[in-house]
>>> print(open('work_37.txt').read())   # compact mmCIF, C-alpha atoms
# COMPACT_ATOMS: atom_id res chain seq x y z
CA MET A 1 41.84 50.64 6.12
CA ASN A 2 40.16 51.61 2.86
CA VAL A 3 41.83 48.74 1.05
CA GLY A 4 40.78 46.32 3.78
CA GLY A 5 37.22 47.67 3.78
CA LEU A 6 36.99 47.38 -0.03
CA ALA A 7 38.24 43.79 0.09
CA ALA A 8 35.70 42.98 2.81
CA ARG A 9 32.84 44.50 0.80
CA THR A 10 33.95 42.62 -2.32
CA ALA A 11 34.07 39.34 -0.42
CA ALA A 12 30.64 40.02 1.06
CA ARG A 13 29.17 40.75 -2.37
CA GLU A 14 30.72 37.59 -3.79
CA LEU A 15 29.35 35.56 -0.88
CA ALA A 16 25.91 37.07 -1.46
CA ARG A 17 26.08 36.14 -5.16
CA GLN A 18 26.99 32.57 -4.31
CA ARG A 19 24.12 32.33 -1.87
CA ARG A 20 21.71 33.70 -4.46
CA ARG A 21 22.95 31.16 -7.00
CA GLN A 22 22.53 28.35 -4.51
CA THR A 23 19.05 29.58 -3.65
CA VAL A 24 18.07 29.76 -7.32
CA ARG A 25 19.42 26.25 -7.98
CA HIS A 26 17.63 24.93 -4.91
CA VAL A 27 14.34 26.54 -5.94
CA LEU A 28 14.65 25.21 -9.49
CA ALA A 29 15.49 21.71 -8.31
CA ARG A 30 12.58 21.68 -5.88
CA SER A 31 10.25 23.08 -8.53
CA VAL A 32 11.21 20.36 -11.00
CA LEU A 33 10.80 17.71 -8.29
CA TYR A 34 7.37 18.99 -7.29
CA ALA A 35 6.30 19.24 -10.93
CA LEU A 36 7.34 15.64 -11.60
CA ALA A 37 5.65 14.44 -8.41
CA THR A 38 2.46 16.31 -9.28
CA GLY A 39 2.43 14.92 -12.80
CA ALA A 40 2.97 11.37 -11.55
CA SER A 41 0.22 11.78 -8.94
CA VAL A 42 -2.26 13.08 -11.51
CA LEU A 43 -1.36 10.27 -13.91
CA CYS A 44 -1.87 7.60 -11.23
CA ALA A 45 -5.09 9.19 -9.99
CA ALA A 46 -6.56 9.74 -13.48
CA PRO A 47 -8.77 6.59 -13.50
CA PHE A 48 -10.19 7.38 -10.07
CA LEU A 49 -10.69 11.04 -10.96
CA TRP A 50 -12.57 10.00 -14.10
CA SER A 51 -14.82 7.69 -12.08
CA LEU A 52 -15.39 10.43 -9.51
CA TRP A 53 -16.27 12.94 -12.24
CA THR A 54 -18.65 10.47 -13.85
CA ALA A 55 -20.31 9.60 -10.55
CA ALA A 56 -20.67 13.23 -9.52
CA ARG A 57 -21.99 14.67 -12.78
CA GLU A 58 -23.69 11.93 -14.75
CA VAL A 59 -25.23 9.51 -12.27
CA PRO A 60 -28.78 10.27 -11.13
CA VAL A 61 -30.11 8.87 -7.89
CA GLU A 62 -32.34 6.49 -9.80
CA GLU A 63 -29.36 4.83 -11.42
CA SER A 64 -27.66 4.34 -8.06
CA VAL A 65 -30.84 2.70 -6.76
CA ARG A 66 -30.89 0.56 -9.89
CA LEU A 67 -27.32 -0.47 -9.18
CA LEU A 68 -28.33 -1.83 -5.78
CA ARG A 69 -31.49 -3.51 -7.06
CA THR A 70 -30.32 -5.09 -10.30
CA THR A 71 -26.83 -6.17 -9.28
CA ALA A 72 -25.25 -7.96 -6.35
CA TYR A 73 -23.34 -4.83 -5.38
CA GLY A 74 -24.18 -5.21 -1.69
CA SER A 75 -22.84 -8.75 -1.69
CA TRP A 76 -19.72 -7.62 -3.54
CA VAL A 77 -19.03 -5.01 -0.88
CA ALA A 78 -19.60 -7.53 1.93
CA HIS A 79 -17.30 -10.06 0.26
CA THR A 80 -14.66 -7.37 -0.23
CA LEU A 81 -14.75 -6.41 3.44
CA VAL A 82 -14.58 -10.02 4.60
CA VAL A 83 -11.73 -10.95 2.27
CA GLY A 84 -9.81 -7.75 3.01
CA ALA A 85 -10.12 -8.14 6.78
CA LEU A 86 -9.17 -11.82 6.89
CA VAL A 87 -6.29 -11.42 4.47
CA THR A 88 -4.99 -8.45 6.47
CA VAL A 89 -4.99 -10.47 9.70
CA ALA A 90 -3.32 -13.43 7.99
CA THR A 91 -0.72 -11.16 6.41
CA LEU A 92 0.26 -9.59 9.72
CA LEU A 93 0.41 -12.94 11.52
CA LEU A 94 2.60 -14.49 8.84
CA ALA A 95 4.74 -11.59 7.62
CA LEU A 96 5.79 -10.04 10.93
CA PRO A 97 7.42 -13.17 12.44
CA ALA A 98 8.96 -14.05 9.06
CA ALA A 99 10.46 -10.58 8.66
CA TYR A 100 11.75 -10.67 12.24
CA ALA A 101 13.45 -14.01 11.68
CA LEU A 102 15.05 -12.85 8.43
CA SER A 103 16.27 -9.58 9.93
CA ARG A 104 17.94 -11.33 12.86
CA ARG A 105 19.58 -14.15 10.90
CA ARG A 106 23.03 -13.66 9.44
CA ARG A 107 22.11 -15.63 6.31
CA GLY A 108 18.72 -14.08 5.86
CA GLY A 109 19.82 -12.17 2.77
CA THR A 110 19.34 -15.12 0.41
CA VAL A 111 15.86 -15.85 1.69
CA GLY A 112 15.09 -12.15 1.56
CA ARG A 113 16.00 -12.03 -2.12
CA ILE A 114 13.73 -14.99 -2.77
CA VAL A 115 10.91 -13.16 -1.01
CA ALA A 116 11.62 -10.09 -3.14
CA VAL A 117 11.30 -12.17 -6.30
CA LEU A 118 7.98 -13.58 -5.06
CA ALA A 119 6.76 -10.06 -4.34
CA LEU A 120 7.53 -9.02 -7.91
CA ALA A 121 6.01 -12.10 -9.57
CA PRO A 122 2.86 -11.23 -11.57
CA SER A 123 -0.23 -12.74 -10.00
CA VAL A 124 -1.59 -13.67 -13.44
CA LEU A 125 1.13 -16.34 -13.74
CA LEU A 126 -0.20 -18.14 -10.66
CA ALA A 127 -3.92 -17.63 -11.25
CA LEU A 128 -4.38 -20.54 -13.67
CA PRO A 129 -2.51 -23.26 -11.72
CA LEU A 130 -4.12 -22.11 -8.48
CA SER A 131 -7.52 -22.25 -10.14
CA TRP A 132 -6.86 -25.81 -11.31
CA THR A 133 -5.68 -26.80 -7.85
CA ALA A 134 -8.73 -25.25 -6.19
CA ASP A 135 -11.06 -27.09 -8.59
CA ALA A 136 -9.23 -30.38 -7.98
CA LEU A 137 -9.65 -29.96 -4.22
CA GLY A 138 -13.28 -29.00 -4.56
CA LEU A 139 -12.67 -25.43 -3.39
CA GLY A 140 -13.43 -23.63 -6.65
CA GLY A 141 -15.89 -20.76 -6.45
CA SER A 142 -15.50 -20.35 -2.69
CA LEU A 143 -14.77 -17.12 -0.88
CA TRP A 144 -12.49 -18.99 1.51
CA THR A 145 -10.30 -20.04 -1.40
CA LEU A 146 -9.71 -16.37 -2.11
CA VAL A 147 -8.83 -15.78 1.54
CA LEU A 148 -6.27 -18.60 1.41
CA VAL A 149 -4.72 -17.48 -1.86
CA GLU A 150 -4.51 -13.70 -1.45
CA PRO A 151 -1.67 -13.89 1.14
CA VAL A 152 0.49 -15.21 -1.71
CA VAL A 153 0.43 -11.60 -2.95
CA THR A 154 0.38 -9.68 0.32
CA VAL A 155 2.81 -11.61 2.53
CA PRO A 156 6.01 -11.15 0.42
CA VAL A 157 5.35 -7.42 0.11
CA ALA A 158 4.69 -7.15 3.85
CA VAL A 159 7.88 -9.07 4.68
CA LEU A 160 9.92 -6.62 2.63
CA LEU A 161 8.33 -3.62 4.32
CA PHE A 162 8.67 -5.03 7.82
CA GLY A 163 12.28 -5.99 7.15
CA GLY A 164 13.31 -2.37 6.57
CA PHE A 165 11.81 -1.26 9.87
CA LEU A 166 13.10 -4.24 11.85
CA ARG A 167 16.67 -3.68 10.76
CA ALA A 168 16.44 -0.22 12.31
CA VAL A 169 15.37 -1.58 15.71
CA PRO A 170 18.48 -1.89 17.93
CA VAL A 171 19.27 -5.46 18.92
CA ASP A 172 20.44 -4.15 22.30
CA LEU A 173 16.83 -3.60 23.33
CA GLU A 174 16.00 -7.26 22.83
CA GLU A 175 19.18 -8.39 24.56
CA GLN A 176 18.31 -6.23 27.55
CA ALA A 177 14.87 -7.83 27.70
CA LEU A 178 16.49 -11.28 27.57
CA VAL A 179 18.82 -10.32 30.42
CA ASP A 180 15.78 -9.21 32.43
CA GLY A 181 14.37 -12.73 32.17
CA HIS A 182 12.02 -12.46 29.20
CA SER A 183 11.87 -15.19 26.60
CA ARG A 184 12.62 -14.48 22.94
CA LEU A 185 8.89 -14.41 22.16
CA ALA A 186 8.15 -12.09 25.07
CA ALA A 187 10.98 -9.77 24.05
CA PHE A 188 9.60 -9.69 20.54
CA LEU A 189 6.04 -8.94 21.66
CA ARG A 190 6.88 -6.44 24.41
CA VAL A 191 9.85 -4.63 22.90
CA VAL A 192 9.85 -4.97 19.12
CA VAL A 193 6.15 -4.97 18.26
CA PRO A 194 5.35 -1.66 20.04
CA LEU A 195 8.10 0.03 18.05
CA LEU A 196 6.55 -1.25 14.82
CA ARG A 197 3.07 0.17 15.31
CA PRO A 198 3.38 2.69 12.42
CA ALA A 199 4.71 -0.05 10.15
CA ILE A 200 1.94 -2.43 11.22
CA ALA A 201 -0.70 0.20 10.44
CA ALA A 202 0.85 0.88 7.03
CA VAL A 203 1.12 -2.82 6.14
CA ALA A 204 -2.45 -3.43 7.29
CA VAL A 205 -3.79 -0.73 4.97
CA LEU A 206 -1.62 -1.97 2.12
CA ALA A 207 -2.68 -5.60 2.59
CA PHE A 208 -6.36 -4.67 2.75
CA THR A 209 -6.01 -2.53 -0.38
CA LEU A 210 -4.22 -5.28 -2.32
CA ALA A 211 -6.76 -7.90 -1.29
CA ALA A 212 -9.77 -5.68 -1.94
CA GLY A 213 -8.50 -4.46 -5.29
CA ASP A 214 -7.23 -7.75 -6.67
CA PHE A 215 -8.99 -8.69 -9.90
CA VAL A 216 -7.12 -11.75 -11.17
CA TYR A 217 -7.56 -14.08 -8.21
CA ALA A 218 -11.07 -12.86 -7.44
CA ARG A 219 -12.14 -13.49 -11.02
CA ALA A 220 -10.44 -16.88 -11.28
CA LEU A 221 -11.22 -18.35 -7.84
CA ALA A 222 -14.21 -16.67 -6.23
CA GLY A 223 -16.83 -17.51 -8.85
CA THR A 224 -20.21 -16.11 -7.89
CA HIS A 225 -18.80 -14.95 -4.53
CA SER A 226 -17.17 -12.02 -6.23
CA THR A 227 -15.66 -8.84 -4.80
CA VAL A 228 -16.18 -5.33 -6.09
CA ALA A 229 -12.99 -5.42 -8.15
CA ALA A 230 -14.13 -8.51 -10.07
CA GLY A 231 -17.88 -8.04 -9.89
CA VAL A 232 -18.02 -4.59 -11.46
CA PRO A 233 -16.16 -5.50 -14.69
CA ALA A 234 -18.12 -8.74 -14.98
CA ARG A 235 -21.44 -6.89 -14.67
CA LEU A 236 -20.36 -4.31 -17.23
CA ASP A 237 -20.35 -7.01 -19.89
CA HIS A 238 -24.13 -7.21 -19.56
CA GLY A 239 -24.96 -3.65 -18.57
CA THR A 240 -26.24 -0.67 -20.46
CA VAL A 241 -24.80 2.84 -20.56
CA PRO A 242 -26.89 4.13 -17.63
CA LEU A 243 -25.84 1.08 -15.59
CA TRP A 244 -22.23 1.77 -16.54
CA ARG A 245 -22.55 5.26 -15.12
CA ALA A 246 -24.12 3.94 -11.95
CA LEU A 247 -21.33 1.43 -11.48
CA GLN A 248 -18.87 4.32 -11.45
CA SER A 249 -20.55 5.50 -8.27
CA GLY A 250 -20.10 1.97 -6.90
CA VAL A 251 -16.38 2.17 -7.58
CA VAL A 252 -16.14 5.55 -5.88
CA LEU A 253 -18.05 4.33 -2.81
CA VAL A 254 -15.38 1.68 -2.24
CA ALA A 255 -12.34 3.71 -3.28
CA VAL A 256 -13.04 6.77 -1.11
CA PRO A 257 -12.94 4.92 2.26
CA LEU A 258 -9.72 3.16 1.24
CA ALA A 259 -8.15 6.48 0.27
CA ALA A 260 -9.27 8.01 3.56
CA ALA A 261 -7.75 5.13 5.54
CA ALA A 262 -4.49 5.47 3.63
CA GLY A 263 -4.47 9.19 4.37
CA LEU A 264 -4.89 8.56 8.10
CA VAL A 265 -1.92 6.20 8.10
CA LEU A 266 0.27 8.39 5.90
CA GLU A 267 1.51 10.61 8.72
CA ARG A 268 2.52 7.60 10.79
CA VAL A 269 4.36 6.10 7.84
CA ILE A 270 6.28 9.33 7.28
CA ALA A 271 7.14 9.58 10.98
CA ALA A 272 8.28 5.95 11.06
CA SER A 273 10.40 6.44 7.93
CA ALA A 274 12.04 9.49 9.50
CA ALA A 275 12.79 7.49 12.64
CA VAL A 276 14.36 4.73 10.56
CA ALA A 277 16.48 7.28 8.68
CA ASP A 278 17.68 8.81 11.97
CA ARG A 279 18.70 5.43 13.37
CA THR A 280 20.57 4.40 10.26
>>> encode(input="work_37.txt", output="structure tokens")
Amino acid sequence: MNVGGLAARTAARELARQRRRQTVRHVLARSVLYALATGASVLCAAPFLWSLWTAAREVPVEESVRLLRTTAYGSWVAHTLVVGALVTVATLLLALPAAYALSRRRRGGTVGRIVAVLALAPSVLLALPLSWTADALGLGGSLWTLVLVEPVVTVPVAVLLFGGFLRAVPVDLEEQALVDGHSRLAAFLRVVVPLLRPAIAAVAVLAFTLAAGDFVYARALAGTHSTVAAGVPARLDHGTVPLWRALQSGVVLVAVPLAAAAGLVLERVIAASAAVADRT
């Protein structure tokens, strides 16, 4: 009995040591992961944090009033909202059916790779030929030209995002709707679309952010009908130091609502990603 009890205690101590080692390794791994994530977040947020610090500490109220009076900041904000809203609607209307078709076709992989290449293509490569085309058609310097061109950036990205969620939706649900007498379009609208609400919200915020923050196309195509992203740098070329500080507050006023909207959607995105992981 003593020998058996000693062996049992030794095994228990060894098991406890192994668990402690696993716990230490787990804590170290998580600590390194959190440290890297924190560093990356701070690095990405550094420009915005600098603008926020400048706006909070160095911008008097008079300079903010000067910003509104001496620049077209109000028009820039209005143009940004109009372009962002219209591009978001166009992106959803174009990307969702395209992603659905690609996810349900057996040979959709080739087209999907082409879409991925388009999503990775730098917008600066297309800005010059699109600007020439817009001028040739008499559309240069128009806000509507920007609305027509921005989906070139947002739609491929949205198709890729929607494709991941659509592949996780069981085809059996659509087939059951077809058996019940619904058409393919009705099955898509009544069965698939409700399951994609978190993805639709995430893509909408992303499309609005990309359209509102785009500098290249807005600078090349919009002309005087500029957005905040293009108008602020253009005005800095002619501004003074106090105006530069005031414009930082203008950047913050636009960035904070976008960040808040992204934060509201973040929980839904995480929940949708977890659902996709469970299904796959």
>>> closest_residue(input="work_37.txt", among="A:Leu126, A:Ala46, A:Val193, A:Ala202", to="Ala261 of chain A", atoms="all atoms listed in the file")
A:Ala202
>>> closest_residue(input="work_37.txt", among="A:Val87, A:Ala16, A:Val169, A:Leu130", to="Leu206 of chain A", atoms="all atoms listed in the file")
A:Val87
>>> atom_distance(input="work_37.txt", atom1="atom CA of Ala90 of chain A", atom2="atom CA of Pro151 of chain A")
7.1 Å
>>> closest_residue(input="work_37.txt", among="A:Ser103, A:Gln248, A:Ser123, A:Gln176", to="Leu161 of chain A", atoms="only C-alpha atoms")
A:Ser103
>>> atom_distance(input="work_37.txt", atom1="atom CA of Thr154 of chain A", atom2="atom CA of Leu258 of chain A")
16.4 Å
>>> residues_around(input="work_37.txt", residues="Ala229 of chain A", least_positions_apart="2", cutoff="9 Å", atoms="only C-alpha atoms", output="PyMOL selection string")
chain A and resi 76+80+212-215+218-219+226-227+231-233+251
>>> closest_residue(input="work_37.txt", among="A:Leu247, A:Leu189, A:Val205, A:Val42", to="Ala260 of chain A", atoms="all atoms listed in the file")
A:Val205
>>> residues_around(input="work_37.txt", residues="Ala99 of chain A", least_positions_apart="3", cutoff="7 Å", atoms="only C-alpha atoms", output="NGL selection string")
:A and (95-96 or 102-103 or 159 or 162-163)
>>> closest_residue(input="work_37.txt", among="A:Arg19, A:Arg184, A:Arg104, A:Arg9", to="Ala168 of chain A", atoms="only C-alpha atoms")
A:Arg104
>>> closest_residue(input="work_37.txt", among="A:Ala199, A:Leu253, A:Ala222, A:Leu52", to="Leu92 of chain A", atoms="all atoms listed in the file")
A:Ala199
>>> residues_around(input="work_37.txt", residues="Gly74 of chain A", least_positions_apart="4", cutoff="10 Å", atoms="all atoms listed in the file", output="PDB file with C-alpha atoms, in the frame of the given file")
ATOM      1  CA  LEU A  67     -27.320  -0.470  -9.180  1.00  0.00           C
ATOM      2  CA  LEU A  68     -28.330  -1.830  -5.780  1.00  0.00           C
ATOM      3  CA  ARG A  69     -31.490  -3.510  -7.060  1.00  0.00           C
ATOM      4  CA  ALA A  78     -19.600  -7.530   1.930  1.00  0.00           C
ATOM      5  CA  HIS A  79     -17.300 -10.060   0.260  1.00  0.00           C
ATOM      6  CA  THR A  80     -14.660  -7.370  -0.230  1.00  0.00           C
ATOM      7  CA  THR A 227     -15.660  -8.840  -4.800  1.00  0.00           C
ATOM      8  CA  VAL A 228     -16.180  -5.330  -6.090  1.00  0.00           C
ATOM      9  CA  GLY A 250     -20.100   1.970  -6.900  1.00  0.00           C
TER      10      GLY A 250
END
>>> atom_distance(input="work_37.txt", atom1="atom CA of Ala187 of chain A", atom2="atom CA of Ala101 of chain A")
13.3 Å
